[in-house]
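Shown next: coords_12.txt, containing compact mmCIF, C-alpha atoms.
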# COMPACT_ATOMS: atom_id res chain seq x y z
CA MET R 1 -1.45 -39.18 -100.31
CA THR R 2 -4.73 -40.29 -98.72
CA ASN R 3 -4.55 -42.09 -95.39
CA ILE R 4 -7.69 -43.63 -93.87
CA ALA R 5 -7.92 -45.11 -90.38
CA LEU R 6 -10.22 -48.15 -90.26
CA ILE R 7 -11.24 -48.93 -86.69
CA VAL R 8 -12.69 -52.38 -86.04
CA ALA R 9 -15.45 -52.21 -83.39
CA ALA R 10 -17.83 -55.00 -84.40
CA GLY R 11 -16.98 -57.48 -81.64
CA LYS R 12 -19.22 -58.41 -78.73
CA GLY R 13 -16.39 -58.38 -76.17
CA THR R 14 -17.82 -61.25 -74.14
CA ARG R 15 -14.54 -62.04 -72.37
CA SER R 16 -14.50 -58.64 -70.66
CA GLY R 17 -17.28 -59.60 -68.26
CA LEU R 18 -18.90 -56.20 -68.81
CA ASP R 19 -22.60 -55.55 -69.37
CA LEU R 20 -21.89 -54.03 -72.79
CA PRO R 21 -19.25 -54.47 -75.50
CA LYS R 22 -15.88 -53.31 -74.16
CA GLN R 23 -15.40 -50.74 -76.94
CA TYR R 24 -18.37 -48.82 -75.52
CA ALA R 25 -17.49 -49.15 -71.84
CA LEU R 26 -16.74 -45.84 -70.14
CA LEU R 27 -13.13 -45.06 -69.39
CA GLY R 28 -12.51 -41.76 -67.65
CA GLY R 29 -15.99 -40.62 -68.64
CA ARG R 30 -15.63 -41.46 -72.34
CA ALA R 31 -16.25 -44.61 -74.33
CA VAL R 32 -13.15 -46.73 -75.00
CA LEU R 33 -13.77 -46.37 -78.74
CA ARG R 34 -13.71 -42.58 -78.60
CA TYR R 35 -10.08 -42.43 -77.46
CA SER R 36 -8.60 -44.00 -80.59
CA VAL R 37 -11.11 -42.24 -82.86
CA GLU R 38 -10.09 -38.85 -81.48
CA THR R 39 -6.38 -39.68 -81.77
CA PHE R 40 -6.68 -40.57 -85.45
CA LEU R 41 -8.97 -37.61 -86.19
CA SER R 42 -6.46 -35.21 -84.64
CA HIS R 43 -3.50 -36.55 -86.61
CA PRO R 44 -2.59 -34.15 -89.45
CA GLU R 45 -1.84 -36.97 -91.91
CA ILE R 46 -5.06 -38.94 -91.36
CA ASP R 47 -7.70 -37.86 -93.87
CA GLY R 48 -10.65 -39.82 -92.54
CA VAL R 49 -11.76 -42.33 -89.93
CA LEU R 50 -14.11 -45.23 -90.67
CA VAL R 51 -15.58 -47.44 -87.94
CA VAL R 52 -16.78 -50.98 -88.64
CA LEU R 53 -19.44 -51.93 -86.11
CA ASN R 54 -22.23 -54.32 -85.22
CA PRO R 55 -25.49 -52.65 -86.30
CA ASP R 56 -27.08 -53.97 -83.10
CA HIS R 57 -24.78 -51.56 -81.23
CA LEU R 58 -25.69 -48.50 -83.30
CA ALA R 59 -27.15 -46.53 -80.37
CA LEU R 60 -24.00 -47.20 -78.32
CA TYR R 61 -21.84 -46.14 -81.26
CA GLU R 62 -23.73 -42.91 -81.83
CA GLY R 63 -23.40 -42.02 -78.17
CA ALA R 64 -19.69 -42.81 -78.18
CA ILE R 65 -18.78 -40.63 -81.18
CA GLU R 66 -21.28 -37.80 -80.64
CA GLY R 67 -19.95 -34.53 -82.02
CA LEU R 68 -17.19 -36.14 -84.12
CA GLN R 69 -17.02 -36.09 -87.93
CA LEU R 70 -16.36 -39.59 -89.27
CA LEU R 71 -16.91 -41.42 -92.52
CA PRO R 72 -20.24 -43.33 -92.65
CA TRP R 73 -20.04 -46.47 -90.53
CA VAL R 74 -19.93 -49.93 -92.07
CA ALA R 75 -21.55 -53.13 -90.79
CA GLY R 76 -19.15 -55.80 -89.62
CA GLY R 77 -19.34 -59.53 -90.21
CA ALA R 78 -19.33 -62.75 -88.23
CA ASP R 79 -15.62 -62.44 -87.43
CA ARG R 80 -12.89 -59.81 -87.39
CA GLN R 81 -11.50 -60.85 -90.78
CA THR R 82 -14.87 -60.36 -92.47
CA SER R 83 -15.39 -57.06 -90.68
CA VAL R 84 -12.08 -55.71 -91.93
CA ARG R 85 -12.81 -56.88 -95.45
CA ASN R 86 -16.21 -55.13 -95.33
CA GLY R 87 -14.48 -51.94 -94.23
CA LEU R 88 -11.82 -52.14 -96.93
CA GLU R 89 -14.40 -52.80 -99.64
CA SER R 90 -16.45 -49.80 -98.53
CA LEU R 91 -13.44 -47.59 -99.27
CA GLN R 92 -13.12 -48.59 -102.92
CA ASP R 93 -14.79 -45.41 -104.21
CA LEU R 94 -12.45 -43.29 -102.09
CA ALA R 95 -9.46 -45.36 -103.23
CA PRO R 96 -7.12 -44.28 -100.42
CA ASP R 97 -3.40 -44.74 -100.87
CA GLN R 98 -2.91 -46.21 -97.42
CA VAL R 99 -5.09 -47.68 -94.68
CA LEU R 100 -4.34 -48.05 -90.97
CA ILE R 101 -6.36 -50.89 -89.41
CA HIS R 102 -6.83 -50.51 -85.66
CA ASP R 103 -8.64 -52.38 -82.90
CA ALA R 104 -11.24 -50.27 -81.11
CA ALA R 105 -10.24 -51.94 -77.84
CA ARG R 106 -6.78 -50.31 -77.95
CA PRO R 107 -7.62 -46.83 -76.62
CA PHE R 108 -4.07 -45.65 -75.95
CA VAL R 109 -2.68 -45.45 -79.48
CA THR R 110 -0.61 -42.26 -79.78
CA THR R 111 0.13 -39.79 -82.53
CA GLU R 112 3.80 -40.76 -82.21
CA LEU R 113 3.04 -44.40 -82.98
CA ILE R 114 0.96 -43.34 -85.98
CA ASP R 115 3.95 -41.24 -87.13
CA HIS R 116 6.24 -44.28 -86.93
CA CYS R 117 3.77 -46.42 -88.87
CA LEU R 118 3.40 -43.86 -91.66
CA GLU R 119 7.16 -43.49 -91.85
CA GLY R 120 7.48 -47.26 -92.16
CA LEU R 121 5.07 -47.29 -95.09
CA LYS R 122 7.63 -45.29 -97.05
CA MET R 123 9.84 -48.40 -97.02
CA ALA R 124 7.33 -51.25 -97.34
CA ASP R 125 3.76 -52.06 -98.33
CA ALA R 126 2.87 -53.15 -94.78
CA VAL R 127 3.90 -52.04 -91.30
CA LEU R 128 3.47 -53.84 -88.00
CA PRO R 129 3.97 -52.12 -84.63
CA ALA R 130 5.18 -54.78 -82.20
CA LEU R 131 6.98 -55.28 -78.91
CA ALA R 132 9.96 -57.56 -78.42
CA MET R 133 9.47 -60.43 -75.99
CA VAL R 134 11.23 -59.81 -72.68
CA ASP R 135 10.30 -63.06 -70.92
CA THR R 136 11.66 -66.46 -71.79
CA VAL R 137 9.06 -68.26 -73.90
CA LYS R 138 8.42 -71.97 -73.43
CA GLU R 139 6.62 -74.39 -75.71
CA ALA R 140 4.37 -76.94 -74.02
CA GLU R 141 2.27 -79.95 -74.89
CA ASP R 142 -0.18 -81.63 -72.48
CA ASN R 143 1.10 -79.32 -69.72
CA LYS R 144 4.68 -80.51 -70.23
CA ILE R 145 7.47 -78.26 -71.45
CA ILE R 146 8.89 -79.51 -74.73
CA GLY R 147 11.17 -76.67 -75.67
CA THR R 148 12.38 -73.10 -75.35
CA LEU R 149 11.78 -70.60 -78.14
CA ASP R 150 14.29 -68.00 -79.23
CA ARG R 151 12.78 -64.82 -77.80
CA GLU R 152 15.15 -62.69 -79.89
CA ARG R 153 13.01 -63.62 -82.88
CA LEU R 154 9.62 -63.20 -81.19
CA PHE R 155 7.41 -60.11 -81.05
CA THR R 156 3.86 -59.38 -79.85
CA ALA R 157 1.77 -57.70 -82.53
CA GLN R 158 -0.19 -54.50 -81.99
CA THR R 159 -2.35 -52.23 -84.10
CA PRO R 160 -2.64 -50.06 -86.14
CA GLN R 161 -1.45 -52.51 -88.77
CA CYS R 162 -0.80 -50.33 -91.78
CA PHE R 163 -0.87 -51.10 -95.48
CA LYS R 164 -0.86 -49.78 -98.96
CA TYR R 165 -4.56 -50.04 -99.73
CA GLY R 166 -4.52 -52.02 -102.97
CA PRO R 167 -2.31 -54.91 -101.80
CA ILE R 168 -4.16 -55.53 -98.51
CA LEU R 169 -7.58 -55.44 -100.19
CA ALA R 170 -6.32 -57.96 -102.74
CA ALA R 171 -4.94 -60.16 -99.95
CA HIS R 172 -8.30 -60.13 -98.17
CA HIS R 173 -9.99 -61.26 -101.38
CA SER R 174 -7.40 -63.91 -102.23
CA PHE R 175 -7.34 -65.51 -98.80
CA ALA R 176 -10.91 -64.91 -97.67
CA GLU R 177 -11.37 -68.61 -96.92
CA GLU R 178 -8.32 -68.81 -94.65
CA ALA R 179 -9.01 -67.85 -91.03
CA VAL R 180 -6.30 -65.63 -89.57
CA THR R 181 -6.03 -63.61 -86.37
CA ASP R 182 -4.73 -60.37 -87.86
CA ASP R 183 -4.22 -58.61 -91.17
CA ILE R 184 -0.45 -58.99 -91.17
CA ALA R 185 -1.00 -62.76 -91.44
CA LEU R 186 -2.83 -62.14 -94.72
CA ALA R 187 0.03 -59.92 -95.90
CA GLU R 188 2.45 -62.75 -95.13
CA ARG R 189 0.40 -65.20 -97.20
CA ALA R 190 0.30 -62.73 -100.08
CA GLY R 191 4.06 -62.22 -99.99
CA ILE R 192 3.76 -58.56 -98.97
CA GLU R 193 6.92 -57.25 -97.32
CA VAL R 194 6.20 -56.20 -93.73
CA GLN R 195 8.23 -53.50 -91.98
CA LEU R 196 8.50 -53.82 -88.18
CA VAL R 197 8.32 -50.68 -86.02
CA THR R 198 8.53 -50.53 -82.25
CA GLY R 199 5.14 -50.54 -80.56
CA GLU R 200 4.22 -48.99 -77.23
CA PRO R 201 3.64 -50.82 -73.91
CA ASP R 202 0.51 -48.78 -73.14
CA ASN R 203 -1.01 -49.65 -76.52
CA PHE R 204 -2.48 -52.87 -75.13
CA LYS R 205 -5.79 -54.42 -76.08
CA ILE R 206 -8.60 -54.45 -73.53
CA THR R 207 -9.88 -58.02 -73.42
CA THR R 208 -10.67 -58.91 -69.80
CA ALA R 209 -11.99 -57.12 -66.74
CA ASP R 210 -8.38 -56.92 -65.46
CA ASP R 211 -7.42 -55.10 -68.67
CA MET R 212 -10.22 -52.61 -68.05
CA ARG R 213 -8.94 -51.97 -64.54
CA LYS R 214 -5.43 -51.48 -65.94
CA ALA R 215 -6.81 -48.96 -68.43
CA GLU R 216 -8.60 -47.10 -65.63
CA ARG R 217 -5.33 -46.88 -63.68
CA LEU R 218 -3.66 -45.38 -66.73
CA ILE R 219 -6.36 -42.79 -67.39
CA THR R 220 -6.97 -41.69 -63.79
CA PRO R 221 -3.66 -39.82 -63.26
CA SER R 222 -4.65 -37.39 -66.02
CA LEU R 223 -7.83 -36.45 -64.13
CA THR R 224 -6.09 -34.31 -61.53
CA ASP R 225 -8.71 -31.58 -61.10
CA ILE R 226 -10.70 -33.01 -58.19
CA ARG R 227 -14.03 -31.29 -57.47
CA THR R 228 -16.63 -31.72 -54.72
CA GLY R 229 -20.27 -30.66 -54.85
CA SER R 230 -23.11 -30.83 -52.35
CA GLY R 231 -26.83 -31.16 -52.87
CA PHE R 232 -29.80 -30.85 -50.53
CA ASP R 233 -33.47 -31.38 -51.28
CA VAL R 234 -36.77 -31.63 -49.41
CA HIS R 235 -40.17 -32.90 -50.47
CA ALA R 236 -43.38 -33.09 -48.47
CA PHE R 237 -45.52 -36.20 -48.35
CA GLU R 238 -48.70 -36.26 -50.39
CA ALA R 239 -51.44 -38.87 -50.28
CA GLY R 240 -52.29 -40.74 -53.44
CA ARG R 241 -48.81 -40.66 -54.95
CA GLU R 242 -46.32 -43.47 -55.46
CA LEU R 243 -43.11 -43.15 -53.44
CA SER R 244 -39.93 -43.21 -55.51
CA LEU R 245 -36.72 -42.95 -53.50
CA GLY R 246 -33.23 -43.45 -54.84
CA GLY R 247 -34.73 -44.70 -58.09
CA VAL R 248 -36.59 -47.47 -56.26
CA LYS R 249 -40.36 -47.79 -55.90
CA ILE R 250 -41.14 -48.27 -52.20
CA ALA R 251 -44.45 -49.40 -50.73
CA HIS R 252 -45.65 -46.60 -48.41
CA ASP R 253 -48.95 -44.98 -47.50
CA LYS R 254 -47.90 -41.68 -49.11
CA GLY R 255 -45.66 -40.50 -51.90
CA LEU R 256 -43.76 -37.24 -52.26
CA LYS R 257 -45.18 -34.01 -53.62
CA GLY R 258 -43.41 -32.42 -56.57
CA HIS R 259 -43.56 -31.39 -60.22
CA SER R 260 -41.62 -34.52 -61.29
CA ASP R 261 -41.76 -37.88 -59.52
CA ALA R 262 -40.26 -35.99 -56.53
CA ASP R 263 -37.43 -38.48 -55.88
CA VAL R 264 -35.73 -36.40 -53.22
CA ALA R 265 -32.66 -38.67 -53.12
CA LEU R 266 -31.91 -38.47 -56.84
CA HIS R 267 -32.56 -34.73 -56.82
CA ALA R 268 -29.96 -34.23 -54.09
CA ILE R 269 -27.40 -36.30 -55.99
CA THR R 270 -28.14 -34.40 -59.20
CA ASP R 271 -27.53 -31.06 -57.48
CA ALA R 272 -24.30 -32.37 -55.97
CA LEU R 273 -22.98 -33.43 -59.38
CA LEU R 274 -24.01 -30.15 -60.99
CA GLY R 275 -22.39 -28.26 -58.15
CA ALA R 276 -19.11 -30.13 -58.58
CA ILE R 277 -18.76 -28.80 -62.13
CA GLY R 278 -20.27 -25.36 -61.50
CA ALA R 279 -23.32 -26.06 -63.64
CA GLY R 280 -26.07 -24.52 -61.52
CA ASP R 281 -28.80 -26.62 -59.97
CA ILE R 282 -31.53 -28.99 -61.04
CA GLY R 283 -34.03 -26.15 -61.48
CA THR R 284 -31.69 -24.44 -63.95
CA HIS R 285 -31.74 -27.45 -66.26
CA PHE R 286 -35.28 -28.70 -65.57
CA PRO R 287 -37.44 -25.73 -64.54
CA PRO R 288 -40.55 -26.76 -62.58
CA SER R 289 -42.43 -24.11 -64.53
CA ASP R 290 -41.96 -26.17 -67.71
CA GLU R 291 -44.88 -28.54 -68.16
CA LYS R 292 -42.81 -31.05 -70.12
CA TRP R 293 -41.10 -32.08 -66.88
CA LYS R 294 -44.39 -32.72 -65.08
CA GLY R 295 -44.23 -36.23 -63.65
CA ALA R 296 -40.76 -36.80 -65.17
CA ALA R 297 -38.73 -39.73 -63.84
CA SER R 298 -35.82 -38.40 -61.83
CA PRO R 299 -33.22 -40.81 -63.31
CA LEU R 300 -33.44 -38.54 -66.37
CA PHE R 301 -32.08 -35.64 -64.30
CA LEU R 302 -29.27 -37.74 -62.91
CA GLN R 303 -28.29 -39.03 -66.35
CA HIS R 304 -28.17 -35.45 -67.61
CA ALA R 305 -25.76 -34.39 -64.86
CA ALA R 306 -23.55 -37.43 -65.46
CA GLY R 307 -23.53 -36.65 -69.18
CA LEU R 308 -22.28 -33.12 -68.52
CA ILE R 309 -19.38 -34.56 -66.53
CA ARG R 310 -18.53 -37.03 -69.30
CA ASP R 311 -18.65 -34.20 -71.85
CA LYS R 312 -15.88 -32.53 -69.87
CA GLY R 313 -13.81 -35.72 -70.01
CA GLY R 314 -14.39 -36.33 -66.30
CA GLN R 315 -15.48 -39.22 -64.15
CA ILE R 316 -17.53 -39.60 -60.99
CA SER R 317 -15.38 -40.82 -58.11
CA ASN R 318 -17.88 -41.07 -55.27
CA ILE R 319 -21.46 -40.37 -54.21
CA ASP R 320 -22.34 -40.13 -50.52
CA LEU R 321 -26.08 -39.77 -49.87
CA THR R 322 -27.94 -39.40 -46.58
CA ILE R 323 -31.74 -39.78 -46.56
CA ILE R 324 -33.47 -38.18 -43.55
CA CYS R 325 -36.90 -39.46 -42.54
CA GLU R 326 -38.80 -41.33 -39.84
CA ALA R 327 -40.41 -43.63 -42.40
CA PRO R 328 -40.00 -45.57 -44.55
CA LYS R 329 -36.96 -47.39 -43.22
CA ILE R 330 -34.02 -47.02 -45.60
CA GLY R 331 -32.04 -50.10 -44.54
CA PRO R 332 -34.16 -52.72 -46.35
CA HIS R 333 -33.84 -50.79 -49.62
CA ARG R 334 -30.24 -49.54 -49.34
CA GLU R 335 -28.53 -52.08 -51.60
CA GLU R 336 -31.19 -51.82 -54.29
CA MET R 337 -30.81 -48.03 -54.23
CA ARG R 338 -27.02 -48.32 -54.50
CA GLU R 339 -27.32 -50.59 -57.52
CA LYS R 340 -29.89 -48.30 -59.10
CA VAL R 341 -27.87 -45.11 -58.64
CA ALA R 342 -24.68 -46.82 -59.83
CA GLY R 343 -26.49 -48.10 -62.91
CA ILE R 344 -27.88 -44.69 -63.79
CA LEU R 345 -24.45 -43.07 -63.40
CA GLU R 346 -22.62 -46.00 -65.06
CA ILE R 347 -20.20 -46.37 -62.14
CA SER R 348 -19.39 -49.21 -59.79
CA PRO R 349 -21.75 -49.67 -56.79
CA ASP R 350 -18.76 -49.43 -54.46
CA ARG R 351 -18.55 -45.76 -55.45
CA VAL R 352 -22.03 -45.13 -54.04
CA SER R 353 -22.81 -44.82 -50.33
CA ILE R 354 -26.41 -44.53 -49.10
CA LYS R 355 -27.30 -43.96 -45.46
CA GLY R 356 -30.57 -43.42 -43.65
CA THR R 357 -31.06 -41.42 -40.47
CA THR R 358 -33.79 -39.69 -38.46
CA THR R 359 -34.01 -36.39 -36.59
CA GLU R 360 -35.17 -38.09 -33.39
CA LYS R 361 -38.77 -36.92 -33.93
CA LEU R 362 -37.65 -33.28 -34.30
CA GLY R 363 -38.66 -30.95 -37.13
CA PHE R 364 -40.80 -31.63 -40.19
CA THR R 365 -39.13 -34.98 -40.91
CA GLY R 366 -39.56 -35.98 -37.28
CA ARG R 367 -43.26 -35.20 -37.52
CA GLY R 368 -43.50 -37.40 -40.62
CA GLU R 369 -44.35 -34.51 -42.94
CA GLY R 370 -41.76 -35.31 -45.60
CA ILE R 371 -38.28 -36.52 -46.50
CA ALA R 372 -34.99 -34.65 -46.83
CA ALA R 373 -31.82 -35.82 -48.56
CA GLU R 374 -28.26 -34.54 -48.55
CA ALA R 375 -25.60 -35.65 -51.03
CA ILE R 376 -21.91 -35.07 -51.60
CA ALA R 377 -20.34 -35.89 -54.97
CA THR R 378 -16.66 -36.07 -55.88
CA VAL R 379 -15.65 -35.91 -59.52
CA ARG R 380 -12.32 -35.91 -61.35
CA LEU R 381 -11.74 -33.68 -64.35
CA PRO R 382 -8.74 -33.18 -66.64
CA GLU R 383 -6.72 -30.05 -65.90

Produce structure tokens that represent the structure in this file.
Amino acid sequence: MTNIALIVAAGKGTRSGLDLPKQYALLGGRAVLRYSVETFLSHPEIDGVLVVLNPDHLALYEGAIEGLQLLPWVAGGADRQTSVRNGLESLQDLAPDQVLIHDAARPFVTTELIDHCLEGLKMADAVLPALAMVDTVKEAEDNKIIGTLDRERLFTAQTPQCFKYGPILAAHHSFAEEAVTDDIALAERAGIEVQLVTGEPDNFKITTADDMRKAERLITPSLTDIRTGSGFDVHAFEAGRELSLGGVKIAHDKGLKGHSDADVALHAITDALLGAIGAGDIGTHFPPSDEKWKGAASPLFLQHAAGLIRDKGGQISNIDLTIICEAPKIGPHREEMREKVAGILEISPDRVSIKGTTTEKLGFTGRGEGIAAEAIATVRLPE
């Protein structure tokens, strides 16, 4: 029997308040989408995974599933119903026996829930994982209560919603003009018997920023290997160069001397992150002897270090940076630097601390010969 998981990831996720669609937001160092994709790929009874996506998000998608073997992606439509239908139609040549339709924004689907759904399909042509209502449910009109519903008969629907392939494809074709909120509603209209199985509380859908914070609280306890790394860098001033510091261009009479753009602050942070995961130093990954890094923008180095942490399933907890110089003054640029570093690392600005200090006119920084920077990074990795 052929079982295909069809993951719907074509939405824009505007209600999440994030800068990108929620299915591509990072959760514990990995995209939300990747969690459910990996769960289905690892299940012994799932023969393939197909993602339906918005072609405008292709670069985000490719980054999210890098290294995974999936069926070719399919373009979604103007709404979820059309996106699912596009996905189902793309499977006609494969003609799977069963299809499991799952929302990309539900990252915590488990192999056990998939087991229950597949077991349910032995008894019916459709299966719905759902949770019984525990609160009393009221019906209202114009902000006035008009009745109490029988919660014993009420359930909240989850995904994956699972079907025999032929009947659900036919239902999508027969009721294409009727707008519904999920695929089980189409099964109901088509008279397909639906088997109920117990869902899981953690299998919730990320919709709002609060949901994203809830998801982060769930994922963080698994990242129990806490690492700390330190980084230190020095660059001398050089006339005729632009000064880049903490990813920010600063007006100054001199820039910093170096093979790249010589952003001493970002270099220190990069070394701290690499040190936290035992991955050498910035020179190991970007040798100054290699001409292709001549004049390179330092955010590239920082992105590389952050990517190595994400590849390990980790997340960056905190960056603490101290910039040591007599001039320029760091204070006027501190918040812009924080935002810049946080953006490069794809973390919240409140996880980045930037301080400026002097050496009271002592040493090379005190003489105005250059700038030094020291950084400490804390990361969390899975055991």

When you count only C-alpha atoms, which of these residues is closest to Glu177 in chain R: R:Gly368, R:Arg85, R:Ser298, R:Pro160?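 For Glu177 in chain R, the nearest of the given residues is R:Arg85.
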
Excluding Leu70 in chain R and any residue of its chain fewer than 3 positions from it, enumerate the residues within 9 Å of it, using all atoms listed in the file, and give them as a list in words.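 Near neighbours after the sequence-gap exclusion: Val37, Leu41, Gly48, Val49, Leu50, Val51, Ile65 and Trp73 of chain R.
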
Length of the CA of Leu68 in chain R to CA of Glu38 in chain R vector [Å]: 8.0 Å

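Atom pair CA of Ala130 in chain R / CA of Ala95 in chain R: separated by 27.3 Å.
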
Taking all atoms listed in the file into account, which of R:Gly247, R:Ala64, R:Ser230, R:Leu88 comes nearest Asn318 in chain R?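 Looking at the shortest contact to Asn318 in chain R, the residue is R:Ser230.
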
Could you complete range 95-106 of chain R so that it carries N, CA and C atoms, and give it back as a PDB file, in the frame of the given file?
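What landed in out01.pdb:
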ATOM      1  N   ALA R  95     -10.758 -44.904-102.747  1.00  0.00           N
ATOM      2  CA  ALA R  95      -9.460 -45.360-103.230  1.00  0.00           C
ATOM      3  C   ALA R  95      -8.302 -44.709-102.474  1.00  0.00           C
ATOM      4  N   PRO R  96      -8.227 -44.892-101.166  1.00  0.00           N
ATOM      5  CA  PRO R  96      -7.120 -44.280-100.420  1.00  0.00           C
ATOM      6  C   PRO R  96      -5.788 -44.911-100.812  1.00  0.00           C
ATOM      7  N   ASP R  97      -4.732 -44.193-100.601  1.00  0.00           N
ATOM      8  CA  ASP R  97      -3.400 -44.740-100.870  1.00  0.00           C
ATOM      9  C   ASP R  97      -3.008 -45.742 -99.789  1.00  0.00           C
ATOM     10  N   GLN R  98      -3.342 -45.386 -98.534  1.00  0.00           N
ATOM     11  CA  GLN R  98      -2.910 -46.210 -97.420  1.00  0.00           C
ATOM     12  C   GLN R  98      -4.042 -46.332 -96.400  1.00  0.00           C
ATOM     13  N   VAL R  99      -4.064 -47.454 -95.679  1.00  0.00           N
ATOM     14  CA  VAL R  99      -5.090 -47.680 -94.680  1.00  0.00           C
ATOM     15  C   VAL R  99      -4.418 -48.194 -93.406  1.00  0.00           C
ATOM     16  N   LEU R 100      -4.861 -47.669 -92.277  1.00  0.00           N
ATOM     17  CA  LEU R 100      -4.340 -48.050 -90.970  1.00  0.00           C
ATOM     18  C   LEU R 100      -5.462 -48.772 -90.231  1.00  0.00           C
ATOM     19  N   ILE R 101      -5.303 -50.063 -89.997  1.00  0.00           N
ATOM     20  CA  ILE R 101      -6.360 -50.890 -89.410  1.00  0.00           C
ATOM     21  C   ILE R 101      -6.086 -51.044 -87.914  1.00  0.00           C
ATOM     22  N   HIS R 102      -7.059 -50.596 -87.115  1.00  0.00           N
ATOM     23  CA  HIS R 102      -6.830 -50.510 -85.660  1.00  0.00           C
ATOM     24  C   HIS R 102      -7.972 -51.147 -84.891  1.00  0.00           C
ATOM     25  N   ASP R 103      -7.629 -51.794 -83.776  1.00  0.00           N
ATOM     26  CA  ASP R 103      -8.640 -52.380 -82.900  1.00  0.00           C
ATOM     27  C   ASP R 103      -9.236 -51.311 -81.992  1.00  0.00           C
ATOM     28  N   ALA R 104     -10.566 -51.266 -81.944  1.00  0.00           N
ATOM     29  CA  ALA R 104     -11.240 -50.270 -81.110  1.00  0.00           C
ATOM     30  C   ALA R 104     -10.900 -50.447 -79.635  1.00  0.00           C
ATOM     31  N   ALA R 105     -10.529 -51.673 -79.242  1.00  0.00           N
ATOM     32  CA  ALA R 105     -10.240 -51.940 -77.840  1.00  0.00           C
ATOM     33  C   ALA R 105      -8.817 -51.576 -77.436  1.00  0.00           C
ATOM     34  N   ARG R 106      -8.098 -50.862 -78.295  1.00  0.00           N
ATOM     35  CA  ARG R 106      -6.780 -50.310 -77.950  1.00  0.00           C
ATOM     36  C   ARG R 106      -6.912 -48.797 -77.860  1.00  0.00           C
TER      37      ARG R 106
END
